[in-house]
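One file, protein_15.txt, carrying compact mmCIF, C-alpha atoms:
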# COMPACT_ATOMS: atom_id res chain seq x y z
CA MET A 1 -0.18 15.26 5.69
CA ASN A 2 -0.05 15.13 1.89
CA VAL A 3 2.45 12.60 0.50
CA LYS A 4 3.06 12.19 -3.23
CA ILE A 5 2.54 8.47 -3.57
CA ASN A 6 0.44 6.04 -5.59
CA PRO A 7 -3.23 6.77 -4.61
CA SER A 8 -3.90 3.11 -3.84
CA TRP A 9 -1.07 3.08 -1.31
CA GLU A 10 -2.17 6.44 0.08
CA LYS A 11 -5.57 4.96 0.83
CA ILE A 12 -4.24 2.13 3.01
CA LEU A 13 -1.33 4.06 4.55
CA LYS A 14 -3.02 7.40 5.22
CA SER A 15 -3.08 6.84 8.98
CA GLU A 16 0.74 6.53 8.99
CA PHE A 17 1.21 9.81 7.16
CA ASP A 18 -0.71 11.65 9.86
CA LYS A 19 1.34 10.26 12.75
CA GLU A 20 3.85 12.40 14.61
CA TYR A 21 6.82 10.16 13.75
CA PHE A 22 6.13 10.55 10.01
CA VAL A 23 5.87 14.32 10.30
CA ARG A 24 9.28 14.37 12.03
CA LEU A 25 10.68 11.98 9.42
CA THR A 26 9.50 14.22 6.59
CA GLN A 27 11.14 17.24 8.21
CA PHE A 28 14.40 15.30 8.63
CA VAL A 29 14.44 14.09 5.01
CA LYS A 30 13.69 17.56 3.63
CA ALA A 31 16.50 19.03 5.72
CA GLU A 32 18.96 16.35 4.59
CA TYR A 33 18.16 16.84 0.90
CA SER A 34 18.49 20.62 1.27
CA LYS A 35 21.91 20.38 2.97
CA GLY A 36 23.65 17.89 0.70
CA VAL A 37 23.40 15.10 -1.82
CA CYS A 38 21.05 12.26 -0.87
CA TYR A 39 19.72 9.23 -2.71
CA PRO A 40 17.52 8.30 -4.40
CA PRO A 41 16.49 11.54 -6.16
CA GLY A 42 13.48 13.07 -4.42
CA PRO A 43 10.89 12.05 -7.04
CA GLU A 44 12.07 8.41 -6.79
CA ILE A 45 11.87 7.97 -3.01
CA PHE A 46 8.52 6.19 -3.36
CA ASN A 47 9.36 4.50 -6.67
CA ALA A 48 8.58 1.02 -5.33
CA PHE A 49 5.06 2.21 -4.46
CA ASP A 50 4.52 4.07 -7.74
CA LEU A 51 5.57 1.12 -9.92
CA CYS A 52 3.69 -1.57 -7.99
CA SER A 53 0.27 -0.77 -6.54
CA PRO A 54 -1.07 -2.88 -3.63
CA GLU A 55 -3.63 -4.65 -5.80
CA ASN A 56 -0.79 -5.87 -8.06
CA VAL A 57 1.64 -7.09 -5.37
CA LYS A 58 2.62 -10.74 -5.89
CA VAL A 59 6.10 -10.77 -4.36
CA VAL A 60 7.85 -8.65 -1.73
CA ILE A 61 11.64 -8.42 -1.53
CA LEU A 62 13.07 -6.58 1.46
CA GLY A 63 16.32 -4.64 1.44
CA GLN A 64 17.80 -2.47 4.15
CA ASP A 65 19.35 0.74 2.78
CA PRO A 66 19.49 2.43 -0.64
CA TYR A 67 22.78 2.43 -2.51
CA HIS A 68 24.71 5.56 -1.59
CA GLY A 69 26.92 6.00 -4.67
CA PRO A 70 26.22 8.46 -7.50
CA GLY A 71 23.61 7.33 -10.01
CA GLN A 72 22.86 3.99 -8.33
CA ALA A 73 19.68 4.18 -6.26
CA GLU A 74 16.31 4.39 -7.97
CA GLY A 75 13.96 3.70 -5.07
CA LEU A 76 13.89 -0.08 -5.55
CA CYS A 77 15.82 -2.42 -3.28
CA PHE A 78 18.82 -4.19 -4.89
CA SER A 79 18.16 -2.29 -8.15
CA VAL A 80 20.49 0.15 -9.90
CA LYS A 81 19.69 2.43 -12.78
CA THR A 82 20.17 1.16 -16.32
CA GLY A 83 23.80 1.45 -17.40
CA ILE A 84 25.24 1.42 -13.87
CA PRO A 85 27.68 -1.44 -13.06
CA LEU A 86 26.10 -4.19 -10.99
CA PRO A 87 26.76 -4.20 -7.22
CA PRO A 88 28.02 -7.53 -5.84
CA SER A 89 24.69 -8.54 -4.26
CA LEU A 90 22.87 -8.05 -7.55
CA VAL A 91 25.52 -10.09 -9.36
CA ASN A 92 24.80 -12.98 -6.98
CA ILE A 93 21.04 -12.57 -7.39
CA PHE A 94 21.38 -12.84 -11.16
CA LYS A 95 23.71 -15.86 -10.81
CA GLU A 96 21.17 -17.69 -8.68
CA ILE A 97 18.34 -16.87 -11.10
CA LYS A 98 20.38 -18.25 -14.00
CA ASP A 99 21.24 -21.43 -12.08
CA ASP A 100 17.68 -21.82 -10.78
CA ILE A 101 15.49 -21.11 -13.81
CA GLY A 102 17.97 -20.47 -16.62
CA THR A 103 17.17 -16.84 -17.40
CA ILE A 104 19.48 -13.82 -17.56
CA PRO A 105 18.79 -10.07 -17.44
CA PRO A 106 18.62 -7.92 -20.58
CA ILE A 107 22.07 -7.26 -22.05
CA LEU A 108 23.17 -3.72 -22.85
CA LYS A 109 26.12 -2.19 -24.68
CA GLY A 110 28.15 -0.02 -22.31
CA GLU A 111 29.86 3.23 -23.26
CA ASN A 112 33.12 1.34 -23.77
CA GLY A 113 31.44 -1.04 -26.20
CA LYS A 114 31.45 -3.94 -23.78
CA SER A 115 28.26 -5.86 -23.00
CA MET A 116 26.72 -5.54 -19.54
CA TYR A 117 23.60 -6.69 -17.75
CA ASP A 118 20.82 -4.21 -17.09
CA GLY A 119 20.67 -3.87 -13.29
CA SER A 120 17.39 -1.97 -13.17
CA LEU A 121 14.68 -4.11 -11.61
CA ARG A 122 11.85 -1.89 -12.80
CA ARG A 123 10.83 -4.79 -15.03
CA TRP A 124 10.22 -6.84 -11.87
CA ALA A 125 8.29 -4.06 -10.14
CA GLU A 126 6.00 -3.67 -13.14
CA GLN A 127 5.12 -7.38 -12.86
CA GLY A 128 4.12 -7.15 -9.19
CA VAL A 129 7.42 -7.45 -7.31
CA PHE A 130 7.41 -4.87 -4.51
CA LEU A 131 11.05 -3.92 -3.91
CA LEU A 132 11.06 -2.30 -0.47
CA ASN A 133 14.03 -0.97 1.45
CA ALA A 134 13.56 -0.63 5.21
CA THR A 135 15.09 2.86 4.96
CA LEU A 136 14.04 4.76 1.84
CA THR A 137 16.74 7.46 1.77
CA VAL A 138 20.45 7.86 2.48
CA ARG A 139 23.14 10.54 2.41
CA GLU A 140 25.77 10.22 -0.31
CA HIS A 141 28.66 7.90 0.67
CA LEU A 142 27.25 7.41 4.19
CA ALA A 143 25.60 4.02 4.50
CA GLY A 144 22.92 3.89 7.17
CA SER A 145 22.89 7.66 7.63
CA HIS A 146 19.07 7.87 7.53
CA GLN A 147 18.39 4.86 9.71
CA LYS A 148 16.48 5.21 12.99
CA GLN A 149 14.75 8.39 11.89
CA GLY A 150 11.33 6.82 11.36
CA TRP A 151 11.63 5.04 8.05
CA GLU A 152 11.74 1.63 9.72
CA THR A 153 8.49 2.35 11.57
CA PHE A 154 6.86 3.30 8.30
CA THR A 155 8.13 0.33 6.29
CA ASP A 156 7.12 -2.09 9.05
CA ALA A 157 3.62 -0.64 8.70
CA VAL A 158 3.84 -1.20 4.95
CA ILE A 159 4.75 -4.88 5.41
CA SER A 160 1.87 -5.31 7.86
CA ALA A 161 -0.52 -3.60 5.43
CA ILE A 162 0.52 -5.91 2.60
CA SER A 163 0.04 -8.93 4.86
CA GLN A 164 -3.43 -7.70 5.79
CA HIS A 165 -4.73 -6.31 2.50
CA CYS A 166 -3.11 -8.42 -0.23
CA PRO A 167 -4.46 -11.96 -0.70
CA HIS A 168 -1.53 -14.15 -1.87
CA VAL A 169 2.02 -12.81 -1.63
CA VAL A 170 5.46 -14.41 -1.60
CA PHE A 171 7.82 -12.69 0.83
CA LEU A 172 11.52 -13.19 0.04
CA LEU A 173 13.49 -12.44 3.20
CA TRP A 174 17.24 -12.40 2.63
CA GLY A 175 19.60 -11.94 5.55
CA GLY A 176 19.05 -11.51 9.27
CA TYR A 177 17.51 -8.05 9.08
CA ALA A 178 14.89 -9.01 6.49
CA ARG A 179 14.16 -12.28 8.28
CA SER A 180 13.39 -10.35 11.47
CA LYS A 181 10.33 -8.96 9.65
CA ALA A 182 8.73 -12.40 9.35
CA LYS A 183 6.78 -11.70 12.53
CA LEU A 184 4.78 -9.06 10.65
CA ILE A 185 3.52 -11.55 8.06
CA ASP A 186 0.46 -13.82 8.25
CA ARG A 187 1.86 -17.17 7.14
CA THR A 188 -1.61 -18.67 6.84
CA ARG A 189 -2.22 -16.45 3.81
CA HIS A 190 1.24 -15.86 2.38
CA LEU A 191 4.41 -17.78 1.54
CA VAL A 192 7.58 -16.75 3.37
CA LEU A 193 10.91 -17.89 1.90
CA GLU A 194 13.99 -17.12 3.98
CA SER A 195 17.66 -17.22 3.01
CA VAL A 196 21.05 -15.76 3.79
CA HIS A 197 21.80 -12.40 2.17
CA PRO A 198 23.12 -12.42 -1.42
CA SER A 199 26.11 -10.21 -0.53
CA PRO A 200 29.43 -11.99 -1.18
CA LEU A 201 30.26 -12.11 2.54
CA SER A 202 27.11 -14.10 3.29
CA ALA A 203 26.52 -15.90 0.01
CA ASN A 204 30.01 -17.40 -0.16
CA ARG A 205 29.55 -18.98 3.27
CA GLY A 206 26.76 -21.09 1.83
CA GLY A 207 22.97 -20.95 1.75
CA TRP A 208 22.40 -18.46 -1.06
CA PHE A 209 23.41 -20.38 -4.15
CA GLY A 210 21.06 -23.28 -4.74
CA ASN A 211 18.23 -21.92 -2.57
CA HIS A 212 15.87 -22.11 -5.60
CA GLN A 213 13.73 -19.28 -4.23
CA PHE A 214 12.82 -17.94 -7.65
CA SER A 215 11.46 -21.23 -8.99
CA ARG A 216 9.74 -21.96 -5.68
CA CYS A 217 8.16 -18.51 -5.75
CA ASN A 218 6.83 -18.99 -9.28
CA PHE A 219 5.52 -22.48 -8.53
CA TRP A 220 3.52 -21.15 -5.57
CA LEU A 221 2.16 -18.22 -7.57
CA GLN A 222 0.94 -20.63 -10.23
CA GLU A 223 -0.73 -22.73 -7.54
CA GLN A 224 -2.67 -19.62 -6.54
CA GLY A 225 -3.76 -19.07 -10.14
CA LEU A 226 -1.37 -16.14 -10.64
CA THR A 227 1.02 -15.44 -13.51
CA PRO A 228 4.61 -16.24 -12.52
CA ILE A 229 7.32 -13.58 -12.54
CA ALA A 230 9.62 -13.33 -15.57
CA TRP A 231 12.79 -13.07 -13.50
Output the structure of this file as structure tokens.
Amino acid sequence: MNVKINPSWEKILKSEFDKEYFVRLTQFVKAEYSKGVCYPPGPEIFNAFDLCSPENVKVVILGQDPYHGPGQAEGLCFSVKTGIPLPPSLVNIFKEIKDDIGTIPPILKGENGKSMYDGSLRRWAEQGVFLLNATLTVREHLAGSHQKQGWETFTDAVISAISQHCPHVVFLLWGGYARSKAKLIDRTRHLVLESVHPSPLSANRGGWFGNHQFSRCNFWLQEQGLTPIAW
């Protein structure tokens, strides 16, 4: 079936689009979007793919579900649209980046005149960071509402395709769900860095802060002759 996605991804994922599970998934998603509010907006469902083609993938970060609040999700895991307050997990990600390599996100002026960090990670995607959620859509205010409808089968195929087709990739697997995907990755070709999830519940128990994954990622990329990510 015809899917509006980056042509490079379409080439390596075409066999998935023609499978029965994906046809059923498409029907489900169309019905959900027609009945009520779902996120991200339809044109942004495949944003991760459109902003980062397979030939440009250097890093993969795996999330689980899109944000389900108004104006948050933009088709990139952990990312929120510019001007939206930062969710707790993203706050902890930015804290670790600052502690690890000393950089901070762009600073914006909010409507109330106060400064705020830009939570959109499009700048990462455009550098080769593939920000993939296991489930690409969700109903408003109902976390997990589009799970087990076929998205996970599709995104597992995406991870396998990256492992097979992309030469040198760093996979950042945060939390038990993401770490369960390690079996799909060829560790002889790629670097897999695992950690607890950056959500406050997990991060505050220990294992997130001080994991130095961002500096370790960049060091490995440089070893492969690749430009590091400007986190």
Worksheet item: Within 9 Å of range 221-230 of chain A, counting only C-alpha atoms, which residues qualify if same-chain residues fewer than 3 places away don't, as a PyMOL selection string?
Response: chain A and resi 58-59+103+123-124+127-129+168-170+214+216-218
Contacts of range 117-119 of chain A at 8 Å (all atoms listed in the file; same-chain gap of 3+ positions) as a PDB file with C-alpha atoms, in the frame of the given file:
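What landed in selection-v2.pdb:
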ATOM      1  CA  SER A  79      18.160  -2.290  -8.150  1.00  0.00           C
ATOM      2  CA  VAL A  80      20.490   0.150  -9.900  1.00  0.00           C
ATOM      3  CA  LYS A  81      19.690   2.430 -12.780  1.00  0.00           C
ATOM      4  CA  THR A  82      20.170   1.160 -16.320  1.00  0.00           C
ATOM      5  CA  GLY A  83      23.800   1.450 -17.400  1.00  0.00           C
ATOM      6  CA  ILE A  84      25.240   1.420 -13.870  1.00  0.00           C
ATOM      7  CA  PRO A  85      27.680  -1.440 -13.060  1.00  0.00           C
ATOM      8  CA  LEU A  86      26.100  -4.190 -10.990  1.00  0.00           C
ATOM      9  CA  LEU A  90      22.870  -8.050  -7.550  1.00  0.00           C
ATOM     10  CA  PRO A 105      18.790 -10.070 -17.440  1.00  0.00           C
ATOM     11  CA  PRO A 106      18.620  -7.920 -20.580  1.00  0.00           C
ATOM     12  CA  ILE A 107      22.070  -7.260 -22.050  1.00  0.00           C
ATOM     13  CA  LEU A 108      23.170  -3.720 -22.850  1.00  0.00           C
TER      14      LEU A 108
END
Where does range 61-158 of chain A meet range 38-55 of chain A within 9 Å, residue by residue, with the nearest atom pair and distance in Å to one decimal for each, counting only C-alpha atoms, listed by chain and rising number, as JSON lines?
{"residue": "A:Pro66", "atom": "CA", "partner": "A:Tyr39", "partner_atom": "CA", "distance": 7.1}
{"residue": "A:Tyr67", "atom": "CA", "partner": "A:Tyr39", "partner_atom": "CA", "distance": 7.5}
{"residue": "A:His68", "atom": "CA", "partner": "A:Tyr39", "partner_atom": "CA", "distance": 6.3}
{"residue": "A:Gly69", "atom": "CA", "partner": "A:Tyr39", "partner_atom": "CA", "distance": 8.1}
{"residue": "A:Pro70", "atom": "CA", "partner": "A:Tyr39", "partner_atom": "CA", "distance": 8.1}
{"residue": "A:Gly71", "atom": "CA", "partner": "A:Pro40", "partner_atom": "CA", "distance": 8.3}
{"residue": "A:Gln72", "atom": "CA", "partner": "A:Pro40", "partner_atom": "CA", "distance": 7.9}
{"residue": "A:Ala73", "atom": "CA", "partner": "A:Pro40", "partner_atom": "CA", "distance": 5.0}
{"residue": "A:Glu74", "atom": "CA", "partner": "A:Pro40", "partner_atom": "CA", "distance": 5.4}
{"residue": "A:Gly75", "atom": "CA", "partner": "A:Asn47", "partner_atom": "CA", "distance": 4.9}
{"residue": "A:Leu76", "atom": "CA", "partner": "A:Ala48", "partner_atom": "CA", "distance": 5.4}
{"residue": "A:Cys77", "atom": "CA", "partner": "A:Ala48", "partner_atom": "CA", "distance": 8.3}
{"residue": "A:Arg122", "atom": "CA", "partner": "A:Leu51", "partner_atom": "CA", "distance": 7.5}
{"residue": "A:Ala125", "atom": "CA", "partner": "A:Cys52", "partner_atom": "CA", "distance": 5.7}
{"residue": "A:Glu126", "atom": "CA", "partner": "A:Leu51", "partner_atom": "CA", "distance": 5.8}
{"residue": "A:Gln127", "atom": "CA", "partner": "A:Cys52", "partner_atom": "CA", "distance": 7.7}
{"residue": "A:Gly128", "atom": "CA", "partner": "A:Cys52", "partner_atom": "CA", "distance": 5.7}
{"residue": "A:Val129", "atom": "CA", "partner": "A:Cys52", "partner_atom": "CA", "distance": 7.0}
{"residue": "A:Phe130", "atom": "CA", "partner": "A:Ala48", "partner_atom": "CA", "distance": 6.1}
{"residue": "A:Leu131", "atom": "CA", "partner": "A:Ala48", "partner_atom": "CA", "distance": 5.7}
{"residue": "A:Leu132", "atom": "CA", "partner": "A:Ala48", "partner_atom": "CA", "distance": 6.4}
{"residue": "A:Asn133", "atom": "CA", "partner": "A:Ala48", "partner_atom": "CA", "distance": 8.9}
{"residue": "A:Leu136", "atom": "CA", "partner": "A:Ile45", "partner_atom": "CA", "distance": 6.2}
{"residue": "A:Thr137", "atom": "CA", "partner": "A:Tyr39", "partner_atom": "CA", "distance": 5.7}
{"residue": "A:Val138", "atom": "CA", "partner": "A:Tyr39", "partner_atom": "CA", "distance": 5.4}
{"residue": "A:Arg139", "atom": "CA", "partner": "A:Cys38", "partner_atom": "CA", "distance": 4.3}
{"residue": "A:Glu140", "atom": "CA", "partner": "A:Cys38", "partner_atom": "CA", "distance": 5.2}
{"residue": "A:His141", "atom": "CA", "partner": "A:Cys38", "partner_atom": "CA", "distance": 8.9}
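Across the model, the gap from CA of Lys14 in chain A to CA of Cys166 in chain A is 16.7 Å.
Distance-wise, CA of Lys11 in chain A and CA of Ile159 in chain A end up 15.0 Å apart.
Nearest residue to Ile162 in chain A among A:Ser195, A:Asn56, A:Ser34, A:Asn92 is A:Asn56, counting only C-alpha atoms.
Each of A:Phe94, A:Phe78, A:Lys148, A:Thr153 was compared to Lys19 in chain A using all atoms listed in the file, and A:Thr153 turns out to be the nearest.
CA of Ser89 in chain A lies 4.3 Å from CA of Ser199 in chain A.
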Practice prompt. Determine, counting all atoms listed in the file, which protein, DNA and RNA residues have an atom within 12 Å of an atom of Ser202 in chain A; residues of the same chain fewer than 5 positions away are not included. Present the result as a PyMOL selection string.
Written response: chain A and resi 88-89+92+174-176+195-197+207-209
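Restricting the calculation to all atoms listed in the file, the smallest distance between Ile93 in chain A and any of A:Thr188, A:Asn211, A:Thr155, A:Gln27 is found for A:Asn211.
When only C-alpha atoms are used to compute distances to Val192 in chain A, the closest of the residues A:Val60, A:Ile104, A:Glu152, A:Lys98 turns out to be A:Val60.
When only C-alpha atoms are used to compute distances to Tyr177 in chain A, the closest of the residues A:Leu62, A:Val23, A:Leu121, A:Val37 turns out to be A:Leu62.
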Fill in: Best match for closeness to Thr135 in chain A among A:Asp156, A:Asp65, A:Glu20, A:Glu96, counting all atoms listed in the file
A:Asp65
